[in-house]
Amino acid sequence: MKFIVKGGLEKTALTGTIRVPGDKSISHRSIMFGSLAEGTSNITGFLNGEDSLNTLRCFQAMGVNIDGPKDGKVTIQGVGMHGLTAPAHALEVGNSGTSMRLLAGLLAGQKFDVELSGDASLSKRPMKRVTDPLAEMGAKVQTAEGGKPPLKITGNQTLNGFNYQMPMASAQVKSCCLLAGMYAQGKTCVTEPAITRDHTERMLKAFGCEVEVNDDTACVAGPAKLIAADIDVPADISSAAFFMVGASIADDSDIVLEHVGINPTRTGVINILKLMGADITTFNQIEVGGEPVADIRIKSAKLKGIQIPEGLVPLAIDEFPAIFVAAACAEGQTIITGAEELRVKESDRIQVMADGLQALGVNARPTDDGMIIQGGEIGSGTVHSHDDHRIAMAFAMASLCATGDIHIEDCDNVNTSFPGFAELAASCGLAIQVIDE
Ligand code: S3P
């Protein structure tokens, strides 16, 4: 699939009131915890995207009765912490790093052997970051050469609780350790070098599992047990981010994004855009399942380049493709540092975004841990998303301040996190055409 987005339009504004699809991180966890809980869990607002569906299919393959998603509703008949059964085949998680890394922790504590494999992009991503701490706990997990997938997990191991000082700020690594910790003897504590998304900690509590959190450290005591819970999945702030950037850079825009998760470990994008001068307000704030949710209004604004505070980087880690586009449209220079994790996402998001911006005539210089972008005008041309959903959607929004059309190649994976993106964006005013190749 390819997108063609029209640039150079005088009057393209993003307007309306929309709800973007459900939060990917929360959707994954709702399936995992609902499956391991005792009783029936009802999920609403579930993301009907390939990544979260892969997690759902993995648990069905391990004998869990899961109905849906139908209109975002999923019903899970939990089997309890020890009720999963050995799948007939390797578990295939597609493009989803969250599925692979969280499942690695959870499956390390099972009685059966299991293999986890992924698509070409995931097969290049680092897994030693989870297999190393799991080995310290006593788990047996083998990787392919260079610490890459597939992962072969040998069951029936005794896991021991431990204290782990994470070398990188990663919610996936933290979650992997905590999930293995639920099957371990004693307490597992994970300390992170910077605060990362805390959906695992919040949702475990909603499922009745005690999680102790002190500043940068989260602990669970094993063996743990989960009790069924109903989860209302908010709209994904990472998907909302494309519209925040689009509406900021397109003149005359005024858009409302409904029921968006605004967990403070995820709101870096709002804070960064506000520092750049964006006009963003949140209202109607409520709390659902331990997660804060609000409606967000964005109006167009004159953005200016900034030095992005490094403390905000892990809180906006998935939003950088969109933020880079905002920086390319802003007046002056934007400097991003401390973001080396972007190099090991669904693509090398520093290189791929820099290549794409340069192809559109933007002065964007990649560095080891970020980028220096000279803002101003975006031109026209062809960019490659390298099968990375967020790269494709970021460049679609770039058209709103581009002088001509942008052709975006390799857009199939938009369906991993944002099914219906093109249709929804078009309904708000984006001049986007989808070409099936
Ligand atoms: C996620 C954590 C982040 C993020 C990913 C989802 C999660 O990865 O990039 O899209 O659901 O825990 P890292 O924890 O590796 O930074």
# chains A, B, ... in the order shown; residues from 1 in each chain; ligands from 1
>>> residues_around(residues="A:Val114", least_positions_apart="5", cutoff="10 Å", atoms="only C-alpha atoms", output="PDB file with N, CA, C and O atoms, in the first residue's frame")
ATOM      1  N   ALA A  86       0.240 -25.599  26.065  1.00  0.00           N
ATOM      2  CA  ALA A  86       1.295 -25.461  25.035  1.00  0.00           C
ATOM      3  C   ALA A  86       0.657 -25.250  23.664  1.00  0.00           C
ATOM      4  O   ALA A  86      -0.251 -25.989  23.290  1.00  0.00           O
ATOM      5  N   PRO A  87       1.101 -24.244  22.914  1.00  0.00           N
ATOM      6  CA  PRO A  87       0.544 -24.040  21.564  1.00  0.00           C
ATOM      7  C   PRO A  87       1.072 -25.118  20.611  1.00  0.00           C
ATOM      8  O   PRO A  87       2.160 -25.656  20.821  1.00  0.00           O
ATOM      9  N   ALA A  88       0.299 -25.397  19.566  1.00  0.00           N
ATOM     10  CA  ALA A  88       0.691 -26.446  18.619  1.00  0.00           C
ATOM     11  C   ALA A  88       1.883 -26.005  17.754  1.00  0.00           C
ATOM     12  O   ALA A  88       2.632 -26.822  17.243  1.00  0.00           O
ATOM     13  N   HIS A  89       2.026 -24.673  17.575  1.00  0.00           N
ATOM     14  CA  HIS A  89       3.082 -24.147  16.695  1.00  0.00           C
ATOM     15  C   HIS A  89       3.799 -23.029  17.421  1.00  0.00           C
ATOM     16  O   HIS A  89       3.347 -22.560  18.469  1.00  0.00           O
ATOM     17  N   ALA A  90       4.865 -22.534  16.774  1.00  0.00           N
ATOM     18  CA  ALA A  90       5.534 -21.331  17.295  1.00  0.00           C
ATOM     19  C   ALA A  90       4.502 -20.200  17.327  1.00  0.00           C
ATOM     20  O   ALA A  90       3.610 -20.133  16.474  1.00  0.00           O
ATOM     21  N   LEU A  91       4.614 -19.316  18.306  1.00  0.00           N
ATOM     22  CA  LEU A  91       3.709 -18.166  18.374  1.00  0.00           C
ATOM     23  C   LEU A  91       4.261 -17.075  17.473  1.00  0.00           C
ATOM     24  O   LEU A  91       5.419 -16.650  17.623  1.00  0.00           O
ATOM     25  N   ALA A 104       7.775 -12.912  26.391  1.00  0.00           N
ATOM     26  CA  ALA A 104       8.991 -13.611  26.811  1.00  0.00           C
ATOM     27  C   ALA A 104       9.008 -13.736  28.338  1.00  0.00           C
ATOM     28  O   ALA A 104       9.299 -14.811  28.883  1.00  0.00           O
ATOM     29  N   LEU A 107       6.017 -16.077  29.481  1.00  0.00           N
ATOM     30  CA  LEU A 107       6.128 -17.483  29.088  1.00  0.00           C
ATOM     31  C   LEU A 107       7.317 -18.167  29.753  1.00  0.00           C
ATOM     32  O   LEU A 107       7.358 -19.392  29.848  1.00  0.00           O
ATOM     33  N   ALA A 108       8.280 -17.360  30.221  1.00  0.00           N
ATOM     34  CA  ALA A 108       9.435 -17.942  30.918  1.00  0.00           C
ATOM     35  C   ALA A 108       8.989 -18.672  32.176  1.00  0.00           C
ATOM     36  O   ALA A 108       9.685 -19.555  32.670  1.00  0.00           O
ATOM     37  N   VAL A 141      16.041 -18.918  27.949  1.00  0.00           N
ATOM     38  CA  VAL A 141      15.508 -18.349  26.706  1.00  0.00           C
ATOM     39  C   VAL A 141      16.668 -18.198  25.728  1.00  0.00           C
ATOM     40  O   VAL A 141      17.658 -17.534  26.021  1.00  0.00           O
ATOM     41  N   LEU A 151      12.756 -16.387  19.628  1.00  0.00           N
ATOM     42  CA  LEU A 151      13.100 -16.743  21.004  1.00  0.00           C
ATOM     43  C   LEU A 151      12.583 -18.156  21.278  1.00  0.00           C
ATOM     44  O   LEU A 151      11.414 -18.450  21.008  1.00  0.00           O
ATOM     45  N   LYS A 152      13.467 -18.996  21.813  1.00  0.00           N
ATOM     46  CA  LYS A 152      13.048 -20.350  22.194  1.00  0.00           C
ATOM     47  C   LYS A 152      13.076 -20.433  23.709  1.00  0.00           C
ATOM     48  O   LYS A 152      14.143 -20.301  24.324  1.00  0.00           O
ATOM     49  N   ILE A 153      11.915 -20.624  24.285  1.00  0.00           N
ATOM     50  CA  ILE A 153      11.791 -20.602  25.746  1.00  0.00           C
ATOM     51  C   ILE A 153      11.589 -22.028  26.242  1.00  0.00           C
ATOM     52  O   ILE A 153      10.695 -22.735  25.768  1.00  0.00           O
ATOM     53  N   THR A 154      12.438 -22.436  27.175  1.00  0.00           N
ATOM     54  CA  THR A 154      12.295 -23.770  27.760  1.00  0.00           C
ATOM     55  C   THR A 154      11.529 -23.630  29.065  1.00  0.00           C
ATOM     56  O   THR A 154      11.937 -22.867  29.957  1.00  0.00           O
ATOM     57  N   GLY A 155      10.440 -24.357  29.161  1.00  0.00           N
ATOM     58  CA  GLY A 155       9.577 -24.223  30.340  1.00  0.00           C
ATOM     59  C   GLY A 155      10.086 -25.000  31.539  1.00  0.00           C
ATOM     60  O   GLY A 155      11.180 -25.576  31.513  1.00  0.00           O
TER      61      GLY A 155
END
>>> select_by_dssp(residues="stretch 177-228 of chain A", states="alpha helix (DSSP H)", output="PyMOL selection string")
chain A and resi 177-181+199-206
>>> residues_around(residues="A:Glu212", least_positions_apart="5", cutoff="9 Å", atoms="only C-alpha atoms", output="MDAnalysis selection string")
chainID A and resid 189 201 217:220
>>> closest_atom_pairs(of="chain A", to="ligand 1", cutoff="7 Å", atoms="only C-alpha atoms and all ligand atoms", output="JSON lines")
{"residue": "A:Lys24", "atom": "CA", "partner": "ligand 1", "partner_atom_place_in_ligand_line": "11 (O)", "distance": 6.8}
{"residue": "A:Ser25", "atom": "CA", "partner": "ligand 1", "partner_atom_place_in_ligand_line": "11 (O)", "distance": 3.7}
{"residue": "A:Thr98", "atom": "CA", "partner": "ligand 1", "partner_atom_place_in_ligand_line": "11 (O)", "distance": 5.3}
{"residue": "A:Ala169", "atom": "CA", "partner": "ligand 1", "partner_atom_place_in_ligand_line": "16 (O)", "distance": 6.4}
{"residue": "A:Ser170", "atom": "CA", "partner": "ligand 1", "partner_atom_place_in_ligand_line": "14 (O)", "distance": 3.4}
{"residue": "A:Ala171", "atom": "CA", "partner": "ligand 1", "partner_atom_place_in_ligand_line": "14 (O)", "distance": 3.5}
{"residue": "A:Gln172", "atom": "CA", "partner": "ligand 1", "partner_atom_place_in_ligand_line": "14 (O)", "distance": 3.8}
{"residue": "A:Val173", "atom": "CA", "partner": "ligand 1", "partner_atom_place_in_ligand_line": "14 (O)", "distance": 6.1}
{"residue": "A:Ser175", "atom": "CA", "partner": "ligand 1", "partner_atom_place_in_ligand_line": "12 (O)", "distance": 6.9}
{"residue": "A:Arg197", "atom": "CA", "partner": "ligand 1", "partner_atom_place_in_ligand_line": "12 (O)", "distance": 6.7}
{"residue": "A:Ile317", "atom": "CA", "partner": "ligand 1", "partner_atom_place_in_ligand_line": "9 (O)", "distance": 5.9}
{"residue": "A:Asp318", "atom": "CA", "partner": "ligand 1", "partner_atom_place_in_ligand_line": "9 (O)", "distance": 5.2}
{"residue": "A:Glu341", "atom": "CA", "partner": "ligand 1", "partner_atom_place_in_ligand_line": "16 (O)", "distance": 6.9}
{"residue": "A:Lys345", "atom": "CA", "partner": "ligand 1", "partner_atom_place_in_ligand_line": "9 (O)", "distance": 6.7}
>>> closest_residue(among="A:Gly94, A:Gly16, A:Gly109, A:Gly68", to="A:Asp252", atoms="only C-alpha atoms")
A:Gly16
>>> closest_residue(among="A:Arg19, A:Lys187, A:His199, A:Arg101", to="A:Gly420", atoms="only C-alpha atoms")
A:Arg19
>>> residues_around(residues="A:Phe162", least_positions_apart="2", cutoff="10 Å", atoms="only C-alpha atoms", output="JSON, numbers by chain")
{"A": [133, 134, 136, 137, 159, 160, 164, 165, 177, 181, 184, 185, 186, 187, 188, 189, 190, 219]}
>>> select_by_dssp(residues="stretch 214-286 of chain A", states="strand (DSSP E or B)", output="PyMOL selection string")
chain A and resi 214+217-222+227+231-232+235+254-261+279-286
>>> closest_residue(among="A:Val269, A:Ile432, A:Ile231, A:Val64", to="A:Gly83", atoms="only C-alpha atoms")
A:Val64
>>> closest_atom_pairs(of="stretch 61-120 of chain A", to="stretch 53-57 of chain A", cutoff="9 Å", atoms="only C-alpha atoms", output="JSON lines")
{"residue": "A:Ala61", "atom": "CA", "partner": "A:Arg57", "partner_atom": "CA", "distance": 6.1}
{"residue": "A:Met62", "atom": "CA", "partner": "A:Arg57", "partner_atom": "CA", "distance": 8.6}
{"residue": "A:Ile66", "atom": "CA", "partner": "A:Leu56", "partner_atom": "CA", "distance": 7.6}
{"residue": "A:Pro69", "atom": "CA", "partner": "A:Leu53", "partner_atom": "CA", "distance": 8.6}
{"residue": "A:Leu91", "atom": "CA", "partner": "A:Arg57", "partner_atom": "CA", "distance": 8.6}
{"residue": "A:Glu92", "atom": "CA", "partner": "A:Asn54", "partner_atom": "CA", "distance": 7.2}
{"residue": "A:Val93", "atom": "CA", "partner": "A:Asn54", "partner_atom": "CA", "distance": 5.2}
{"residue": "A:Gly94", "atom": "CA", "partner": "A:Asn54", "partner_atom": "CA", "distance": 6.9}
{"residue": "A:Asn95", "atom": "CA", "partner": "A:Asn54", "partner_atom": "CA", "distance": 8.9}
{"residue": "A:Ser96", "atom": "CA", "partner": "A:Asn54", "partner_atom": "CA", "distance": 7.8}
{"residue": "A:Thr98", "atom": "CA", "partner": "A:Thr55", "partner_atom": "CA", "distance": 9.0}
{"residue": "A:Ser99", "atom": "CA", "partner": "A:Thr55", "partner_atom": "CA", "distance": 5.8}
{"residue": "A:Met100", "atom": "CA", "partner": "A:Thr55", "partner_atom": "CA", "distance": 8.8}
{"residue": "A:Leu103", "atom": "CA", "partner": "A:Thr55", "partner_atom": "CA", "distance": 8.6}
>>> write_last_selection(atoms="all heavy atoms", output="compact mmCIF listing (two decimals), in the first residue's frame")
# COMPACT_ATOMS: atom_id res chain seq x y z
N ALA A 61 -4.12 -19.39 20.88
CA ALA A 61 -3.32 -20.57 20.55
C ALA A 61 -2.86 -21.31 21.81
O ALA A 61 -2.47 -22.48 21.75
CB ALA A 61 -2.10 -20.16 19.71
N MET A 62 -2.91 -20.62 22.96
CA MET A 62 -2.54 -21.28 24.22
C MET A 62 -3.79 -21.65 25.02
O MET A 62 -3.76 -21.76 26.23
CB MET A 62 -1.61 -20.36 25.03
CG MET A 62 -0.23 -20.22 24.36
SD MET A 62 0.97 -19.34 25.36
CE MET A 62 0.42 -17.65 25.20
N ILE A 66 -11.31 -16.52 23.81
CA ILE A 66 -11.42 -15.05 23.67
C ILE A 66 -12.41 -14.76 22.54
O ILE A 66 -12.25 -15.26 21.43
CB ILE A 66 -10.07 -14.40 23.33
CG1 ILE A 66 -9.01 -14.80 24.36
CG2 ILE A 66 -10.20 -12.87 23.26
CD1 ILE A 66 -7.62 -14.25 24.09
N PRO A 69 -12.31 -9.15 18.63
CA PRO A 69 -13.03 -7.91 18.92
C PRO A 69 -14.23 -7.68 17.97
O PRO A 69 -14.11 -7.91 16.77
CB PRO A 69 -11.97 -6.83 18.71
CG PRO A 69 -10.96 -7.44 17.79
CD PRO A 69 -11.02 -8.91 17.98
N LEU A 91 4.61 -19.32 18.31
CA LEU A 91 3.71 -18.17 18.37
C LEU A 91 4.26 -17.07 17.47
O LEU A 91 5.42 -16.65 17.62
CB LEU A 91 3.58 -17.67 19.81
CG LEU A 91 2.95 -18.64 20.82
CD1 LEU A 91 3.01 -18.07 22.23
CD2 LEU A 91 1.50 -18.95 20.43
N GLU A 92 3.44 -16.61 16.56
CA GLU A 92 3.86 -15.61 15.56
C GLU A 92 3.32 -14.25 16.00
O GLU A 92 2.11 -14.07 16.12
CB GLU A 92 3.29 -16.05 14.20
CG GLU A 92 3.44 -15.07 13.09
CD GLU A 92 4.88 -14.66 12.84
OE1 GLU A 92 5.74 -15.56 12.66
OE2 GLU A 92 5.13 -13.45 12.84
N VAL A 93 4.22 -13.29 16.26
CA VAL A 93 3.75 -11.98 16.76
C VAL A 93 3.89 -10.87 15.73
O VAL A 93 3.66 -9.70 16.03
CB VAL A 93 4.46 -11.58 18.08
CG1 VAL A 93 4.17 -12.60 19.17
CG2 VAL A 93 5.95 -11.39 17.89
N GLY A 94 4.27 -11.22 14.48
CA GLY A 94 4.31 -10.23 13.41
C GLY A 94 5.32 -9.12 13.68
O GLY A 94 6.49 -9.37 13.95
N ASN A 95 4.82 -7.90 13.66
CA ASN A 95 5.67 -6.70 13.77
C ASN A 95 5.82 -6.22 15.22
O ASN A 95 6.47 -5.23 15.51
CB ASN A 95 4.98 -5.60 12.93
CG ASN A 95 5.87 -4.43 12.64
OD1 ASN A 95 5.61 -3.31 13.07
ND2 ASN A 95 6.95 -4.64 11.92
N SER A 96 5.19 -6.95 16.14
CA SER A 96 4.97 -6.40 17.48
C SER A 96 6.06 -6.71 18.52
O SER A 96 6.11 -7.80 19.11
CB SER A 96 3.63 -6.91 18.01
OG SER A 96 3.43 -6.47 19.32
N THR A 98 6.21 -5.32 21.43
CA THR A 98 5.58 -5.41 22.76
C THR A 98 5.13 -6.85 23.01
O THR A 98 5.34 -7.39 24.11
CB THR A 98 4.38 -4.45 22.86
OG1 THR A 98 4.80 -3.15 22.48
CG2 THR A 98 3.82 -4.40 24.26
N SER A 99 4.51 -7.47 21.99
CA SER A 99 4.07 -8.86 22.19
C SER A 99 5.28 -9.73 22.52
O SER A 99 5.26 -10.50 23.49
CB SER A 99 3.42 -9.43 20.93
OG SER A 99 2.42 -8.58 20.45
N MET A 100 6.33 -9.62 21.72
CA MET A 100 7.46 -10.53 21.92
C MET A 100 8.12 -10.33 23.28
O MET A 100 8.41 -11.27 24.00
CB MET A 100 8.48 -10.39 20.80
CG MET A 100 9.57 -11.43 20.93
SD MET A 100 10.61 -11.61 19.48
CE MET A 100 9.60 -12.56 18.36
N LEU A 103 5.63 -11.15 26.26
CA LEU A 103 5.36 -12.59 26.30
C LEU A 103 6.58 -13.38 26.75
O LEU A 103 6.45 -14.40 27.42
CB LEU A 103 4.90 -13.09 24.92
CG LEU A 103 3.43 -12.84 24.61
CD1 LEU A 103 3.10 -13.19 23.17
CD2 LEU A 103 2.55 -13.66 25.55
>>> closest_residue(among="A:Ala394, A:Val352, A:Leu360, A:Met276", to="A:Val325", atoms="only C-alpha atoms")
A:Ala394
>>> residues_around(residues="A:Asp388", least_positions_apart="4", cutoff="10 Å", atoms="only C-alpha atoms", output="PDB file with N, CA, C and O atoms, in the first residue's frame")
ATOM      1  N   ASN A  95       4.822  -7.898  13.663  1.00  0.00           N
ATOM      2  CA  ASN A  95       5.667  -6.702  13.773  1.00  0.00           C
ATOM      3  C   ASN A  95       5.822  -6.223  15.222  1.00  0.00           C
ATOM      4  O   ASN A  95       6.473  -5.234  15.506  1.00  0.00           O
ATOM      5  N   SER A 121      11.023  -7.191  10.083  1.00  0.00           N
ATOM      6  CA  SER A 121      11.457  -6.031  10.861  1.00  0.00           C
ATOM      7  C   SER A 121      11.727  -6.422  12.309  1.00  0.00           C
ATOM      8  O   SER A 121      12.786  -6.112  12.879  1.00  0.00           O
ATOM      9  N   LYS A 345      13.658   0.860  16.929  1.00  0.00           N
ATOM     10  CA  LYS A 345      12.200   0.720  16.868  1.00  0.00           C
ATOM     11  C   LYS A 345      11.819  -0.077  15.611  1.00  0.00           C
ATOM     12  O   LYS A 345      12.663  -0.772  15.060  1.00  0.00           O
ATOM     13  N   GLU A 346      10.581   0.042  15.144  1.00  0.00           N
ATOM     14  CA  GLU A 346      10.135  -0.734  13.991  1.00  0.00           C
ATOM     15  C   GLU A 346      11.022  -0.485  12.777  1.00  0.00           C
ATOM     16  O   GLU A 346      11.103  -1.294  11.854  1.00  0.00           O
ATOM     17  N   SER A 347      11.655   0.687  12.740  1.00  0.00           N
ATOM     18  CA  SER A 347      12.758   0.943  11.807  1.00  0.00           C
ATOM     19  C   SER A 347      13.773   1.776  12.600  1.00  0.00           C
ATOM     20  O   SER A 347      13.502   2.143  13.746  1.00  0.00           O
ATOM     21  N   ASP A 348      14.905   2.088  11.987  1.00  0.00           N
ATOM     22  CA  ASP A 348      15.828   3.042  12.611  1.00  0.00           C
ATOM     23  C   ASP A 348      15.209   4.425  12.363  1.00  0.00           C
ATOM     24  O   ASP A 348      15.388   5.021  11.300  1.00  0.00           O
ATOM     25  N   ARG A 349      14.444   4.880  13.344  1.00  0.00           N
ATOM     26  CA  ARG A 349      13.614   6.074  13.111  1.00  0.00           C
ATOM     27  C   ARG A 349      14.427   7.358  12.990  1.00  0.00           C
ATOM     28  O   ARG A 349      13.900   8.365  12.484  1.00  0.00           O
ATOM     29  N   VAL A 352      15.753   6.786   9.095  1.00  0.00           N
ATOM     30  CA  VAL A 352      14.653   6.751   8.121  1.00  0.00           C
ATOM     31  C   VAL A 352      13.946   8.102   8.041  1.00  0.00           C
ATOM     32  O   VAL A 352      13.610   8.589   6.953  1.00  0.00           O
ATOM     33  N   HIS A 384      10.258   6.717   1.851  1.00  0.00           N
ATOM     34  CA  HIS A 384      10.015   5.297   2.149  1.00  0.00           C
ATOM     35  C   HIS A 384       9.798   5.151   3.645  1.00  0.00           C
ATOM     36  O   HIS A 384      10.584   5.659   4.438  1.00  0.00           O
ATOM     37  N   ALA A 392       5.139   6.280   8.160  1.00  0.00           N
ATOM     38  CA  ALA A 392       4.156   6.517   7.090  1.00  0.00           C
ATOM     39  C   ALA A 392       3.175   7.605   7.522  1.00  0.00           C
ATOM     40  O   ALA A 392       2.885   8.549   6.762  1.00  0.00           O
ATOM     41  N   MET A 393       2.653   7.507   8.740  1.00  0.00           N
ATOM     42  CA  MET A 393       1.638   8.477   9.181  1.00  0.00           C
ATOM     43  C   MET A 393       2.247   9.863   9.411  1.00  0.00           C
ATOM     44  O   MET A 393       1.610  10.889   9.142  1.00  0.00           O
ATOM     45  N   ASP A 410       5.475   1.844   1.111  1.00  0.00           N
ATOM     46  CA  ASP A 410       5.471   0.809   2.179  1.00  0.00           C
ATOM     47  C   ASP A 410       4.565   1.183   3.358  1.00  0.00           C
ATOM     48  O   ASP A 410       5.034   1.275   4.500  1.00  0.00           O
ATOM     49  N   CYS A 411       3.303   1.394   3.101  1.00  0.00           N
ATOM     50  CA  CYS A 411       2.405   1.853   4.173  1.00  0.00           C
ATOM     51  C   CYS A 411       1.531   0.755   4.785  1.00  0.00           C
ATOM     52  O   CYS A 411       0.704   1.045   5.648  1.00  0.00           O
ATOM     53  N   ASP A 412       1.727  -0.502   4.357  1.00  0.00           N
ATOM     54  CA  ASP A 412       0.849  -1.580   4.863  1.00  0.00           C
ATOM     55  C   ASP A 412       0.794  -1.620   6.386  1.00  0.00           C
ATOM     56  O   ASP A 412      -0.257  -1.873   6.976  1.00  0.00           O
ATOM     57  N   ASN A 413       1.952  -1.406   7.003  1.00  0.00           N
ATOM     58  CA  ASN A 413       2.008  -1.596   8.459  1.00  0.00           C
ATOM     59  C   ASN A 413       1.292  -0.527   9.271  1.00  0.00           C
ATOM     60  O   ASN A 413       1.246  -0.609  10.495  1.00  0.00           O
ATOM     61  N   VAL A 414       0.707   0.454   8.599  1.00  0.00           N
ATOM     62  CA  VAL A 414      -0.151   1.408   9.324  1.00  0.00           C
ATOM     63  C   VAL A 414      -1.238   0.628  10.083  1.00  0.00           C
ATOM     64  O   VAL A 414      -1.657   1.001  11.180  1.00  0.00           O
ATOM     65  N   THR A 416      -0.904  -1.941  11.773  1.00  0.00           N
ATOM     66  CA  THR A 416      -0.477  -2.527  13.050  1.00  0.00           C
ATOM     67  C   THR A 416      -1.012  -1.720  14.227  1.00  0.00           C
ATOM     68  O   THR A 416      -1.330  -2.270  15.265  1.00  0.00           O
TER      69      THR A 416
END
>>> residues_around(residues="A:Ala396", least_positions_apart="3", cutoff="12 Å", atoms="only C-alpha atoms", output="PyMOL selection string")
chain A and resi 2-7+242-243+245-246+321-322+325+356+380+382-385+389-393+399-402+405-409+411+414+421-422+425-426+430-434
>>> residues_around(residues="A:Thr40", least_positions_apart="5", cutoff="10 Å", atoms="only C-alpha atoms", output="JSON, numbers by chain")
{"A": [34, 35, 65, 66, 75, 76, 77, 78, 79, 227, 228, 229, 230]}
>>> closest_residue(among="A:Pro314, A:Pro419, A:Pro150, A:Pro167", to="A:Asp132", atoms="only C-alpha atoms")
A:Pro167
>>> closest_residue(among="A:Met166, A:Ile336, A:Ala247, A:Leu102", to="A:Leu116", atoms="only C-alpha atoms")
A:Leu102
>>> atom_distance(atom1="atom CA of A:Lys140", atom2="atom CA of A:Leu226")
24.3 Å
>>> atom_distance(atom1="atom CA of A:Thr158", atom2="atom CA of A:Gly222")
11.6 Å
